[in-house]
Amino acid sequence: MSDHFAVLKSRRVRHMSRLFFPALLGLLLSGENAAADCTYLHIDGGDRHVCLLADTGVVCWGDNTDGQTTVPVLTGPTTTVSAGETHTCVIDNNQVKCWGANYWGQRSVPPLSNPTALSAGDVHSCAIDDSGVNCWGNNSYGQLDVPPTLSNPREVSAGTWNTCAIDDSGLVCWGLADYDINNPPA
């Protein structure tokens, strides 16, 4: 997955990951579902849906089979949005809230204290809070088993069957070890 950075129609898009850049471009250029005077802050694509965080709130579109684009009432401030395969999570009012599919416990957020980062993977999600990295959902390949050696994690990314974090020692990955994915380059 690569990140794309763009400025479109004088609205700032800081981070676009995964899928649906053509759908996003169409949305931005058409003005559909977009407030005329808002700033786009963050966007993330799931398997078949996309969610956008603007200074006016969160909007999601695409496949809604499991309710992943039906945004619940958010009290704000909302600081990030992350779209998983069929679920979506946000940090809202200093809490992680998830909606959509819950087949593997993707919406079963554990108690968190001051969450600062969030990533929704295919069937699991992870957040960073005062205690470090916390993950929930499917653990078929150990993707929830956070290494106890993580020190001061700053970023987390939940994938399909693995998770990676950046901490004081560098990049650390765990979960399914196919394709040497848990051995990042030095």
# chains A, B, ... in the order shown; residues from 1 in each chain; ligands from 1
call {"tool": "select_by_dssp", "arguments": {"residues": "chain A", "states": "alpha helix (DSSP H)", "output": "list in words"}}
result
Phe21, Pro22, Ala23, Leu24, Leu25, Gly26, Leu27, Leu28, Leu29 and Ser30 of chain A
call {"tool": "closest_residue", "arguments": {"among": "A:Gly137, A:Pro111, A:Pro77, A:Gly45", "to": "Ser125 in chain A", "atoms": "only C-alpha atoms"}}
result
A:Gly137
call {"tool": "closest_residue", "arguments": {"among": "A:Ser140, A:Thr69, A:Asn102, A:Asn134", "to": "Cys164 in chain A", "atoms": "only C-alpha atoms"}}
result
A:Asn134
call {"tool": "residues_around", "arguments": {"residues": "range 53-57 of chain A", "least_positions_apart": "2", "cutoff": "6 Å", "atoms": "only C-alpha atoms", "output": "number ranges by chain"}}
result
A: 38-42
call {"tool": "closest_residue", "arguments": {"among": "A:Leu144, A:Ile181, A:Leu52, A:Cys173", "to": "Trp104 in chain A", "atoms": "only C-alpha atoms"}}
result
A:Leu144
call {"tool": "residues_around", "arguments": {"residues": "Pro147 in chain A", "least_positions_apart": "2", "cutoff": "9 Å", "atoms": "only C-alpha atoms", "output": "PyMOL selection string"}}
result
chain A and resi 145+149-150+172-174
call {"tool": "residues_around", "arguments": {"residues": "Gly46 in chain A", "least_positions_apart": "5", "cutoff": "6 Å", "atoms": "only C-alpha atoms", "output": "PyMOL selection string"}}
result
chain A and resi 83-85
call {"tool": "closest_residue", "arguments": {"among": "A:Asp66, A:Asp37, A:Asp130, A:Asp44", "to": "Thr116 in chain A", "atoms": "only C-alpha atoms"}}
result
A:Asp130
call {"tool": "residues_around", "arguments": {"residues": "Leu118 in chain A", "least_positions_apart": "2", "cutoff": "9 Å", "atoms": "only C-alpha atoms", "output": "list in words"}}
result
Thr80, Val81, Ser82, Cys89, Val90, Ile91, Val96, Pro115, Thr116, Ala120, Ser125, Cys126, Ala127, Ile128, Glu155, Val156, Ser157 and Ala158 of chain A
